Amino acid sequence: KKGKKAVGIKINCGADGFSTTLINLDKFLQYTTSRQKAIVRKAFTKLSSDGDVVSVEEWIPEVISSPAVIVNILPNKKTEIVLLYDQILKGKLKGYVGAIYPSSTLKASQKQDIKEMATSFAKYLALEGYRGIFGLDFILTKSGQIYLIEANIRKVGTYYSVVAMNKLFKNRIGKICFKLQVIESKFLKGKDFSFLEKRISSKVFRNKNEGVLILYVGELETSGRVEIVSYGKDSRKVKLLSELASELLYNYRQPVISLARYYVKNILASINV
């Protein structure tokens, strides 16, 4: 279409958004037909997943955040908003690497708009016979425009953080803050859960009100990928805990004394000492 600057060719199998190929249309249309075909072919085979559906989507510029919502359709068709949060996106392709709750990028009116859109979407799914959890992803632009960009008719990754936090805080998740991080490090490849637990618990003070939870280690040994949740009743403390946990896991060979100084320095900064 005229006026469109870029599109994304997206393989629907996912890979947290990193399967998308971003194409600048002004440049693309200047290429020869053979080069255009080569670019599209490469985009279609970015992941070794023959037979997957591929979509071409308009690339929205000036995105400042990606709010998301988890919704539950109950057996009686009633709808409940489980969680409204901000996704953490990384890189040019804006791939998913975590989540922060509560959302800090939306105004109250924008939160209400998203909840209303989610409720309308849920009513449609309920009429189609769907029951259970699903997730909706949005983007927020500099101009304040909100776009619904994706519906995941399943339990999304962030949902398991909700389950863990509800168990930890006895279903009082509205009174806490948490940050889910997807960490992938070559230093962690081949390690196991006991290594992570020892590494984190020996350096991070943890109690019922704050700490770091190891959530997922299914791909730890093969790719060095792990999901952790930093939690607490204060967003500044959660930020510090997540930074410390990242430092511990990305650079686990770093001397402990330097990590201690790092933590103390940030604690002092947070209380303006």
# chains A, B, ... in the order shown; residues from 1 in each chain; ligands from 1
>>> residues_around(residues="Ser242 in chain A", least_positions_apart="3", cutoff="8 Å", atoms="only C-alpha atoms", output="list in words")
Lys179, Gln181, Val212, Val229, Ser230, Val238, Lys239, Ala245 and Ser246 of chain A
>>> write_last_selection(atoms="C-alpha atoms", output="PDB file, in the first residue's frame")
ATOM      1  CA  LYS A 179       9.881  -8.655  36.522  1.00  0.00           C
ATOM      2  CA  GLN A 181      13.492 -12.059  32.493  1.00  0.00           C
ATOM      3  CA  VAL A 212      14.434 -13.990  42.813  1.00  0.00           C
ATOM      4  CA  VAL A 229      11.276 -13.691  38.222  1.00  0.00           C
ATOM      5  CA  SER A 230      12.433 -10.899  40.527  1.00  0.00           C
ATOM      6  CA  VAL A 238      12.618  -5.325  41.985  1.00  0.00           C
ATOM      7  CA  LYS A 239      14.718  -3.450  39.431  1.00  0.00           C
ATOM      8  CA  ALA A 245      20.441 -11.592  39.080  1.00  0.00           C
ATOM      9  CA  SER A 246      21.333 -10.749  35.467  1.00  0.00           C
TER      10      SER A 246
END
>>> select_by_dssp(residues="range 33-130 of chain A", states="strand (DSSP E or B)", output="number ranges by chain")
A: 54-58, 63-73, 79-90, 95-101
>>> closest_atom_pairs(of="range 204-241 of chain A", to="range 189-199 of chain A", cutoff="10 Å", atoms="only C-alpha atoms", output="JSON lines")
{"residue": "A:Val204", "atom": "CA", "partner": "A:Arg199", "partner_atom": "CA", "distance": 8.8}
{"residue": "A:Val212", "atom": "CA", "partner": "A:Glu197", "partner_atom": "CA", "distance": 9.8}
{"residue": "A:Leu213", "atom": "CA", "partner": "A:Glu197", "partner_atom": "CA", "distance": 8.9}
{"residue": "A:Ile214", "atom": "CA", "partner": "A:Glu197", "partner_atom": "CA", "distance": 7.4}
{"residue": "A:Tyr216", "atom": "CA", "partner": "A:Phe193", "partner_atom": "CA", "distance": 9.2}
{"residue": "A:Val217", "atom": "CA", "partner": "A:Phe193", "partner_atom": "CA", "distance": 6.7}
{"residue": "A:Gly218", "atom": "CA", "partner": "A:Phe193", "partner_atom": "CA", "distance": 9.5}
{"residue": "A:Glu219", "atom": "CA", "partner": "A:Lys189", "partner_atom": "CA", "distance": 8.8}
{"residue": "A:Leu220", "atom": "CA", "partner": "A:Lys189", "partner_atom": "CA", "distance": 6.0}
{"residue": "A:Glu221", "atom": "CA", "partner": "A:Gly190", "partner_atom": "CA", "distance": 4.0}
{"residue": "A:Thr222", "atom": "CA", "partner": "A:Lys189", "partner_atom": "CA", "distance": 6.0}
{"residue": "A:Ser223", "atom": "CA", "partner": "A:Lys189", "partner_atom": "CA", "distance": 5.4}
{"residue": "A:Gly224", "atom": "CA", "partner": "A:Lys189", "partner_atom": "CA", "distance": 3.8}
{"residue": "A:Arg225", "atom": "CA", "partner": "A:Lys189", "partner_atom": "CA", "distance": 7.5}
{"residue": "A:Val226", "atom": "CA", "partner": "A:Leu196", "partner_atom": "CA", "distance": 9.2}
>>> atom_distance(atom1="CA of Val56 in chain A", atom2="CA of Ile9 in chain A")
4.6 Å
>>> residues_around(residues="Gln87 in chain A", least_positions_apart="2", cutoff="7 Å", atoms="only C-alpha atoms", output="list in words")
Ser66, Pro67, Ala68, Tyr85, Leu89, Tyr96, Gly98, Ala99 and Ile100 of chain A
>>> closest_residue(among="A:Leu188, A:Val82, A:Ile149, A:Leu249", to="Arg172 in chain A", atoms="only C-alpha atoms")
A:Val82
>>> residues_around(residues="Ile23 in chain A", least_positions_apart="2", cutoff="7 Å", atoms="only C-alpha atoms", output="list in words")
Ala6, Val7, Gly8, Thr21, Leu25 and Phe28 of chain A
>>> write_last_selection(atoms="N, CA and C atoms", output="PDB file, in the first residue's frame")
ATOM      1  N   ALA A   6       7.590   0.178   5.871  1.00  0.00           N
ATOM      2  CA  ALA A   6       8.233  -1.110   6.104  1.00  0.00           C
ATOM      3  C   ALA A   6       7.188  -2.172   6.429  1.00  0.00           C
ATOM      4  N   VAL A   7       7.558  -3.424   6.184  1.00  0.00           N
ATOM      5  CA  VAL A   7       6.717  -4.548   6.558  1.00  0.00           C
ATOM      6  C   VAL A   7       7.583  -5.594   7.255  1.00  0.00           C
ATOM      7  N   GLY A   8       6.929  -6.450   7.998  1.00  0.00           N
ATOM      8  CA  GLY A   8       7.619  -7.570   8.612  1.00  0.00           C
ATOM      9  C   GLY A   8       7.076  -8.869   8.056  1.00  0.00           C
ATOM     10  N   THR A  21      11.327 -10.986   9.719  1.00  0.00           N
ATOM     11  CA  THR A  21      12.301 -10.294   8.861  1.00  0.00           C
ATOM     12  C   THR A  21      11.747  -8.922   8.519  1.00  0.00           C
ATOM     13  N   LEU A  25      10.601  -0.951   2.560  1.00  0.00           N
ATOM     14  CA  LEU A  25       9.961  -1.029   1.243  1.00  0.00           C
ATOM     15  C   LEU A  25      10.617  -0.133   0.200  1.00  0.00           C
ATOM     16  N   PHE A  28      13.600  -2.086  -0.898  1.00  0.00           N
ATOM     17  CA  PHE A  28      13.201  -3.363  -1.479  1.00  0.00           C
ATOM     18  C   PHE A  28      12.690  -3.191  -2.914  1.00  0.00           C
TER      19      PHE A  28
END
>>> atom_distance(atom1="CA of Arg131 in chain A", atom2="CA of Ile153 in chain A")
9.9 Å
>>> atom_distance(atom1="CA of Glu247 in chain A", atom2="CA of Gly211 in chain A")
15.0 Å
>>> closest_residue(among="A:Leu136, A:Ala164, A:Lys155, A:Thr79", to="Ala122 in chain A", atoms="only C-alpha atoms")
A:Thr79
>>> residues_around(residues="range 124-126 of chain A", least_positions_apart="3", cutoff="9 Å", atoms="only C-alpha atoms", output="short mmCIF file (atom, residue, chain, number, x, y, z; two decimals) with C-alpha atoms, in the first residue's frame")
data_model
loop_
_atom_site.label_atom_id
_atom_site.label_comp_id
_atom_site.auth_asym_id
_atom_site.auth_seq_id
_atom_site.Cartn_x
_atom_site.Cartn_y
_atom_site.Cartn_z
CA ILE A 73 -12.90 -17.05 29.98
CA LEU A 74 -14.69 -18.97 32.73
CA LYS A 77 -18.67 -17.47 29.75
CA LYS A 78 -17.80 -14.64 32.13
CA THR A 79 -14.49 -12.89 31.54
CA THR A 119 -13.22 -8.05 27.04
CA SER A 120 -14.80 -7.61 23.59
CA PHE A 121 -12.34 -10.09 22.10
CA GLY A 129 -16.90 -22.04 22.35
CA TYR A 130 -13.48 -21.18 23.75
CA ARG A 131 -12.87 -21.42 27.51
#
>>> residues_around(residues="Lys46 in chain A", least_positions_apart="4", cutoff="10 Å", atoms="only C-alpha atoms", output="list of chain:residue names")
A:Lys10, A:Ile11, A:Phe18, A:Ser19, A:Thr20, A:Thr21, A:Val40, A:Arg41, A:Lys42
>>> write_last_selection(atoms="all heavy atoms", output="mmCIF file, in the first residue's frame")
data_model
loop_
_atom_site.group_PDB
_atom_site.id
_atom_site.type_symbol
_atom_site.label_atom_id
_atom_site.label_comp_id
_atom_site.auth_asym_id
_atom_site.auth_seq_id
_atom_site.Cartn_x
_atom_site.Cartn_y
_atom_site.Cartn_z
ATOM 1 N N LYS A 10 6.671 -12.539 8.860
ATOM 2 C CA LYS A 10 6.680 -13.241 10.134
ATOM 3 C C LYS A 10 6.304 -14.706 9.975
ATOM 4 O O LYS A 10 5.275 -15.032 9.395
ATOM 5 C CB LYS A 10 5.687 -12.562 11.094
ATOM 6 C CG LYS A 10 5.611 -13.191 12.462
ATOM 7 C CD LYS A 10 4.616 -12.423 13.326
ATOM 8 C CE LYS A 10 4.474 -13.045 14.693
ATOM 9 N NZ LYS A 10 3.480 -12.327 15.516
ATOM 10 N N ILE A 11 7.167 -15.572 10.500
ATOM 11 C CA ILE A 11 6.865 -16.998 10.541
ATOM 12 C C ILE A 11 6.018 -17.248 11.782
ATOM 13 O O ILE A 11 6.416 -16.906 12.891
ATOM 14 C CB ILE A 11 8.152 -17.833 10.592
ATOM 15 C CG1 ILE A 11 9.010 -17.544 9.355
ATOM 16 C CG2 ILE A 11 7.830 -19.316 10.686
ATOM 17 C CD1 ILE A 11 10.357 -18.220 9.382
ATOM 18 N N PHE A 18 11.548 -13.144 17.165
ATOM 19 C CA PHE A 18 12.832 -13.067 16.475
ATOM 20 C C PHE A 18 12.807 -13.771 15.117
ATOM 21 O O PHE A 18 13.800 -13.772 14.397
ATOM 22 C CB PHE A 18 13.938 -13.660 17.359
ATOM 23 C CG PHE A 18 14.227 -12.829 18.579
ATOM 24 C CD1 PHE A 18 13.772 -13.226 19.824
ATOM 25 C CD2 PHE A 18 14.930 -11.640 18.476
ATOM 26 C CE1 PHE A 18 14.025 -12.460 20.956
ATOM 27 C CE2 PHE A 18 15.189 -10.862 19.594
ATOM 28 C CZ PHE A 18 14.741 -11.272 20.843
ATOM 29 N N SER A 19 11.675 -14.393 14.767
ATOM 30 C CA SER A 19 11.556 -15.045 13.459
ATOM 31 C C SER A 19 11.134 -14.062 12.370
ATOM 32 O O SER A 19 11.048 -14.417 11.204
ATOM 33 C CB SER A 19 10.534 -16.181 13.539
ATOM 34 O OG SER A 19 9.239 -15.656 13.824
ATOM 35 N N THR A 20 10.860 -12.816 12.759
ATOM 36 C CA THR A 20 10.397 -11.805 11.799
ATOM 37 C C THR A 20 11.565 -11.238 10.995
ATOM 38 O O THR A 20 12.657 -11.030 11.520
ATOM 39 C CB THR A 20 9.685 -10.666 12.533
ATOM 40 O OG1 THR A 20 8.582 -11.184 13.264
ATOM 41 C CG2 THR A 20 9.183 -9.595 11.564
ATOM 42 N N THR A 21 11.327 -10.986 9.719
ATOM 43 C CA THR A 21 12.301 -10.294 8.861
ATOM 44 C C THR A 21 11.747 -8.922 8.519
ATOM 45 O O THR A 21 10.659 -8.807 7.950
ATOM 46 C CB THR A 21 12.560 -11.081 7.563
ATOM 47 O OG1 THR A 21 13.111 -12.363 7.891
ATOM 48 C CG2 THR A 21 13.539 -10.325 6.663
ATOM 49 N N VAL A 40 12.880 -12.646 0.101
ATOM 50 C CA VAL A 40 11.634 -13.240 0.598
ATOM 51 C C VAL A 40 11.836 -14.722 0.925
ATOM 52 O O VAL A 40 11.367 -15.215 1.958
ATOM 53 C CB VAL A 40 10.499 -13.064 -0.426
ATOM 54 C CG1 VAL A 40 9.263 -13.848 0.000
ATOM 55 C CG2 VAL A 40 10.165 -11.582 -0.580
ATOM 56 N N ARG A 41 12.583 -15.421 0.060
ATOM 57 C CA ARG A 41 12.845 -16.848 0.298
ATOM 58 C C ARG A 41 13.621 -17.050 1.601
ATOM 59 O O ARG A 41 13.333 -17.965 2.384
ATOM 60 C CB ARG A 41 13.630 -17.426 -0.881
ATOM 61 C CG ARG A 41 13.719 -18.948 -0.876
ATOM 62 C CD ARG A 41 14.442 -19.467 -2.116
ATOM 63 N NE ARG A 41 13.742 -19.106 -3.333
ATOM 64 C CZ ARG A 41 14.224 -18.239 -4.243
ATOM 65 N NH1 ARG A 41 15.381 -17.632 -4.049
ATOM 66 N NH2 ARG A 41 13.535 -17.983 -5.321
ATOM 67 N N LYS A 42 14.588 -16.179 1.825
ATOM 68 C CA LYS A 42 15.383 -16.269 3.060
ATOM 69 C C LYS A 42 14.508 -16.005 4.286
ATOM 70 O O LYS A 42 14.657 -16.650 5.327
ATOM 71 C CB LYS A 42 16.537 -15.273 3.010
ATOM 72 C CG LYS A 42 17.494 -15.368 4.184
ATOM 73 C CD LYS A 42 18.655 -14.399 4.029
ATOM 74 C CE LYS A 42 19.609 -14.512 5.226
ATOM 75 N NZ LYS A 42 20.750 -13.545 5.076
#
>>> residues_around(residues="Phe169 in chain A", least_positions_apart="3", cutoff="12 Å", atoms="only C-alpha atoms", output="mmCIF file with N, CA, C and O atoms, in the first residue's frame")
data_model
loop_
_atom_site.group_PDB
_atom_site.id
_atom_site.type_symbol
_atom_site.label_atom_id
_atom_site.label_comp_id
_atom_site.auth_asym_id
_atom_site.auth_seq_id
_atom_site.Cartn_x
_atom_site.Cartn_y
_atom_site.Cartn_z
ATOM 1 N N SER A 161 4.402 -16.960 35.387
ATOM 2 C CA SER A 161 4.863 -16.055 36.439
ATOM 3 C C SER A 161 3.703 -15.700 37.358
ATOM 4 O O SER A 161 3.870 -15.603 38.580
ATOM 5 N N VAL A 162 2.536 -15.501 36.768
ATOM 6 C CA VAL A 162 1.330 -15.183 37.549
ATOM 7 C C VAL A 162 0.995 -16.332 38.498
ATOM 8 O O VAL A 162 0.698 -16.122 39.679
ATOM 9 N N VAL A 163 1.053 -17.554 37.981
ATOM 10 C CA VAL A 163 0.768 -18.733 38.810
ATOM 11 C C VAL A 163 1.735 -18.788 39.988
ATOM 12 O O VAL A 163 1.332 -18.990 41.144
ATOM 13 N N ALA A 164 3.027 -18.581 39.695
ATOM 14 C CA ALA A 164 4.047 -18.644 40.751
ATOM 15 C C ALA A 164 3.843 -17.543 41.783
ATOM 16 O O ALA A 164 3.919 -17.781 42.998
ATOM 17 N N MET A 165 3.563 -16.317 41.327
ATOM 18 C CA MET A 165 3.384 -15.200 42.260
ATOM 19 C C MET A 165 2.112 -15.360 43.095
ATOM 20 O O MET A 165 2.088 -15.024 44.278
ATOM 21 N N ASN A 166 1.060 -15.888 42.481
ATOM 22 C CA ASN A 166 -0.173 -16.112 43.237
ATOM 23 C C ASN A 166 0.022 -17.157 44.332
ATOM 24 O O ASN A 166 -0.524 -17.042 45.434
ATOM 25 N N ARG A 172 -2.665 -12.647 46.135
ATOM 26 C CA ARG A 172 -2.692 -11.189 46.329
ATOM 27 C C ARG A 172 -1.675 -10.526 45.411
ATOM 28 O O ARG A 172 -0.905 -9.667 45.821
ATOM 29 N N ILE A 173 -1.686 -10.941 44.145
ATOM 30 C CA ILE A 173 -0.687 -10.463 43.200
ATOM 31 C C ILE A 173 -0.804 -8.958 42.953
ATOM 32 O O ILE A 173 0.160 -8.300 42.586
ATOM 33 N N GLY A 174 -1.986 -8.394 43.174
ATOM 34 C CA GLY A 174 -2.178 -6.963 42.959
ATOM 35 C C GLY A 174 -1.382 -6.093 43.909
ATOM 36 O O GLY A 174 -1.239 -4.884 43.689
ATOM 37 N N LYS A 175 -0.831 -6.674 44.962
ATOM 38 C CA LYS A 175 -0.082 -5.904 45.958
ATOM 39 C C LYS A 175 1.428 -5.982 45.758
ATOM 40 O O LYS A 175 2.189 -5.480 46.585
ATOM 41 N N ILE A 176 1.884 -6.643 44.680
ATOM 42 C CA ILE A 176 3.325 -6.793 44.471
ATOM 43 C C ILE A 176 3.749 -6.282 43.094
ATOM 44 O O ILE A 176 2.917 -5.956 42.250
ATOM 45 N N CYS A 177 5.062 -6.239 42.897
ATOM 46 C CA CYS A 177 5.657 -5.936 41.601
ATOM 47 C C CYS A 177 6.527 -7.136 41.221
ATOM 48 O O CYS A 177 7.095 -7.792 42.094
ATOM 49 N N PHE A 178 6.639 -7.415 39.937
ATOM 50 C CA PHE A 178 7.590 -8.446 39.529
ATOM 51 C C PHE A 178 8.105 -8.182 38.123
ATOM 52 O O PHE A 178 7.489 -7.460 37.338
ATOM 53 N N ASN A 207 13.197 -13.515 50.940
ATOM 54 C CA ASN A 207 12.213 -13.853 51.960
ATOM 55 C C ASN A 207 10.845 -13.891 51.314
ATOM 56 O O ASN A 207 10.737 -13.853 50.081
ATOM 57 N N LYS A 208 9.794 -13.962 52.108
ATOM 58 C CA LYS A 208 8.454 -14.108 51.528
ATOM 59 C C LYS A 208 7.987 -12.857 50.792
ATOM 60 O O LYS A 208 7.038 -12.910 50.012
ATOM 61 N N ASN A 209 8.644 -11.714 51.029
ATOM 62 C CA ASN A 209 8.205 -10.459 50.418
ATOM 63 C C ASN A 209 9.030 -10.040 49.209
ATOM 64 O O ASN A 209 8.577 -9.234 48.406
ATOM 65 N N GLU A 210 10.240 -10.552 49.086
ATOM 66 C CA GLU A 210 11.079 -10.156 47.948
ATOM 67 C C GLU A 210 12.133 -11.213 47.683
ATOM 68 O O GLU A 210 12.522 -11.977 48.570
ATOM 69 N N TYR A 231 10.924 -10.334 42.355
ATOM 70 C CA TYR A 231 9.650 -9.882 42.894
ATOM 71 C C TYR A 231 9.829 -9.120 44.201
ATOM 72 O O TYR A 231 10.835 -9.272 44.897
ATOM 73 N N GLY A 232 8.855 -8.286 44.514
ATOM 74 C CA GLY A 232 8.880 -7.518 45.750
ATOM 75 C C GLY A 232 7.706 -6.561 45.788
ATOM 76 O O GLY A 232 6.891 -6.517 44.868
ATOM 77 N N LYS A 233 7.641 -5.773 46.839
ATOM 78 C CA LYS A 233 6.537 -4.824 47.001
ATOM 79 C C LYS A 233 6.896 -3.421 46.536
ATOM 80 O O LYS A 233 6.079 -2.505 46.621
#
>>> closest_residue(among="A:Gly144, A:Gly132, A:Gly157, A:Pro61", to="Glu80 in chain A", atoms="only C-alpha atoms")
A:Gly132
>>> select_by_dssp(residues="range 167-257 of chain A", states="helix (DSSP H, G or I)", output="MDAnalysis selection string")
chainID A and resid 167:168 173:175 193:201 220:223 235:250 256:257
